[in-house]
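Asks: After the structure tokens below, expect a handful of questions from me.
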Amino acid sequence: MKEFIAFVKKEFLHIFRDVRTLLILIGMPVVLIMLFGFAISVEIRNVNVGILAPQHEVLIDRLANKIDASEYFTVAKWLTSDQEIDPLMKQGKVDVVLAFDNRFASRLYTKDGAQLGILVDASNPNIAASEAMYLMGIVQNYFQNNTQQQIKTGGLSTNVRMLYNPQLRSSYNFVPGIMGLILIIICALMTSVSIVREKETGTMEVLLVSPIKPIVIVFAKMIPYFVISCVVLLIIFVLSFTLLHVPMAGSLFWIVIISMLYVILALSIGLFISTIVDSQMVAALITAVVFMLPVLMLSGMLFPLESMPKFFQWISSIVPARWFIAAIRKLMIEGLAVQYVLKELAILAGMTLIILGVALKKFNDRLE
Amino acid sequence: MAAIQTNQLVKTFNAGKVSAVNGISLTVEAGELFGIIGPDGAGKTTLFRLLTTLLKPDSGSATIDGLDMVKDYKQIRSRVGYMPGRFSLYPDLTVIENLSFYASVFGTTIQQKYELIKDIYCRLEPFADRKAGKLSGGMKQKLALCCALIHAPSVLFLDEPTTGVDPSSRREFWDMLAKLKTHGITILVSTAYMDEASRCNRLAMMNNGRFIGIGTPQTIVNEFDKTLLAIRGDEMYRLLNDVRNIEGIEECYTFGDVHHIRLQKDTNLKMTDIEQILVHQYHHTNVKMEPCQPTMEDCFMNASKKER
């Protein structure tokens, strides 16, 4: 036990002596949360709407008022011909144009119906899609409430995400993703690099030729990074709660439990990597390519899994972060009870057991 | 009981293609300072890793303090001290932190074992709070030795401890080893510097994974049974190539600022004959030649030639 404490103390010394790395580890979550929360935003806000109406009609006026009243749209211009659209959009005066048919209201009740076009400045496709969808929602809602007849306004797709994120606040979605990414970096990357560094400096040789048990080495390496991960988790929670107003709808207890499980899984991955490579460089590369990239691409953090080809969906199911992010989303944002994340919990626990088992078995007390 | 006893140790790498240690049999008595001398790539480090139980042999066996290197490796590990070729220290920890860490790894404290390391550590003490990475080569070496000694091992393995260290620190280091011997510690030390051989009780010359000669420094030199000449001239490089062409000369190689010539054992070639050939046939000027005493390096060259 005394050896173990001395070992843990030594690991903490390594970490605290390397102030720059420590600052990066602690600073990274803060920067990422700021970035995703404020700078990189796919929210729509202050959208200027142009209304192209050949004649003034009561129906159109009322719809325009309704749009103007909404938080996200401002009716900026009234147009009378479609030639005006192009210059206005290029000048940035309008972002979206609602184009009504000639004699719109009277046509509405004919057999052929009336046409309503939505023209969107799609130079930012993400925002354009949200704008069109949201505007369409307002329009359809309006016609359903104000007219007896069903009017075809084009296919309306409902985004599930809007259910839980009615304002389309993107920062909500990024918090679980950031957690998944940062914990992999701290636990997997730092643990593997720190074990492999001992191989590189030759100190591992001396440690092996000593009565200390390999398991003591392994756990002593893991504990400091476990502690740092907890600190980082706390920072993320506090920031998301205070700055981003993430609802933290579900049970905090289970959010913490799942995060801890994921931390242990990431530590095991780090240990596993360290048993198969001999240089810090390779360890860092493997963690980055094999574990960090999939977290970004295949975990559902940036791109929805459902729209991926089947092959990538299949691959994504072995990415631990996918299950972690899914579980945290359910608990943190949707506020579901723990029984809805049992599947994710079981998968993460299974992965942890397998990887930790393999890593401990592979961790050699000899050099080969 | 012998401190180290090996029997036909074999270790190969890359699925048997590279044999690093090729049938080493060795007996080191308790309390002996035993040297293993050989060039880089001779297999010294692999032999050390085998003996410190870091590697398993392909075949053959060995005992350390009477303990089997495969079966009892855990017990061996608490008895031996090991200082690998690269001084295994934590560069970001201070001198005292390194030492107390290694002490606690071996379940002891600096105070308990201070007597043993006192002579070496007193020179490091003024730098106790300096980071190990900022120490000079000689200091690092002393600290690494302290760390390897902190648990009072019965057998100490030092793998090329003097590589990359200045000559005066090297001399000092061998003085320290001689002192350690008085504590009854068996020391196995490897080096690529032939001139350090004379400081050992006994030594083995190693090349290509084999021992090519073993004995006390004196007996190894005494066993040199050929004529050795030192030669110099105006054009040293051309001289080297021309001497190699002369019939009856076994080998000629550069040795400091002269060339050493080793004659074949049964040749009738005389010093005057060589001079005649060099001056008249190859037109060398200022050729000077004299017989010389073999050094450890000459013995090594001779022995490795025999091996081939």
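Here's how to read the names in the structure tokens: chain A, B, ... by the order shown, residue numbers from 1 in each chain, ligand numbers from 1 in the order shown.
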Given only C-alpha atoms, how would the per-residue table for segment 311-346 of chain A near segment 246-268 of chain A read, listing every residue at most 9 Å away with its closest atom pair and distance in Å to one decimal, sorted by chain and number, as JSON lines?

Replies:
```
{"residue": "A:Pro320", "atom": "CA", "partner": "A:Tyr262", "partner_atom": "CA", "distance": 8.0}
{"residue": "A:Ala321", "atom": "CA", "partner": "A:Tyr262", "partner_atom": "CA", "distance": 8.1}
{"residue": "A:Phe324", "atom": "CA", "partner": "A:Tyr262", "partner_atom": "CA", "distance": 6.9}
{"residue": "A:Ala327", "atom": "CA", "partner": "A:Ile258", "partner_atom": "CA", "distance": 7.9}
{"residue": "A:Ile328", "atom": "CA", "partner": "A:Ile255", "partner_atom": "CA", "distance": 6.5}
{"residue": "A:Lys330", "atom": "CA", "partner": "A:Gly250", "partner_atom": "CA", "distance": 7.9}
{"residue": "A:Leu331", "atom": "CA", "partner": "A:Gly250", "partner_atom": "CA", "distance": 4.6}
{"residue": "A:Met332", "atom": "CA", "partner": "A:Met248", "partner_atom": "CA", "distance": 4.5}
{"residue": "A:Ile333", "atom": "CA", "partner": "A:Ala249", "partner_atom": "CA", "distance": 5.8}
{"residue": "A:Glu334", "atom": "CA", "partner": "A:Ala249", "partner_atom": "CA", "distance": 6.5}
{"residue": "A:Gly335", "atom": "CA", "partner": "A:Gly250", "partner_atom": "CA", "distance": 3.9}
{"residue": "A:Leu336", "atom": "CA", "partner": "A:Gly250", "partner_atom": "CA", "distance": 5.8}
{"residue": "A:Ala337", "atom": "CA", "partner": "A:Gly250", "partner_atom": "CA", "distance": 6.5}
{"residue": "A:Val338", "atom": "CA", "partner": "A:Trp254", "partner_atom": "CA", "distance": 6.9}
{"residue": "A:Leu345", "atom": "CA", "partner": "A:Ile258", "partner_atom": "CA", "distance": 6.9}
```

Asks: Any chance you can output those residues with C-alpha atoms as a compact mmCIF listing (two decimals), in the first residue's frame?

Replies:
```txt
# COMPACT_ATOMS: atom_id res chain seq x y z
CA PRO A 320 -17.96 3.82 -27.15
CA ALA A 321 -18.70 7.55 -27.40
CA PHE A 324 -22.20 7.51 -24.04
CA ALA A 327 -27.24 8.05 -22.93
CA ILE A 328 -26.21 11.51 -21.78
CA LYS A 330 -31.43 11.09 -23.02
CA LEU A 331 -30.68 11.83 -19.40
CA MET A 332 -29.47 15.39 -19.57
CA ILE A 333 -31.59 16.95 -22.30
CA GLU A 334 -34.64 14.77 -22.70
CA GLY A 335 -34.81 14.16 -18.98
CA LEU A 336 -35.67 10.49 -19.33
CA ALA A 337 -35.46 8.12 -16.43
CA VAL A 338 -32.60 5.69 -16.12
CA LEU A 345 -25.34 1.42 -19.79
```

Asks: Please, which residues of chain A lie no more than 8 Å from chain B when the count uses only C-alpha atoms, and can they be set out as number ranges by chain?

Replies: A: 2-3, 6-7, 10, 13-14, 17, 201-203, 205-212, 365-368

Asks: Just to confirm, what's the straight-line distance from atom CA of Val31 of chain A to atom CA of Phe237 of chain A in Å (one decimal)?

Replies: 13.9 Å

Asks: Could you go through segment 55-296 of chain A and tell me which residues DSSP, when run on the backbone, assigns to strand (DSSP E), listing them as a VMD selection string?

Replies: chain A and resid 73 to 79 96 to 100 116 to 120

Asks: Can you tell me, as a list in words, what residues are no more than 10 Å from Asp58 of chain B when counting only C-alpha atoms, ignoring any on the same chain fewer than 6 positions away?

Replies: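 Residues meeting the cut-off are Leu9, Val10, Lys11, Thr12, Phe13, Gly16, Val21 and Asn22 of chain B.
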
Asks: Skip segment 297-302 of chain A itself and residues of its chain fewer than 5 positions away, then list as a list in words all residues within 6 Å of it, counting only C-alpha atoms.

Replies: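 Final neighbour list, sorted by chain and number: Gly177, Ser316, Ala321 and Arg322 of chain A.
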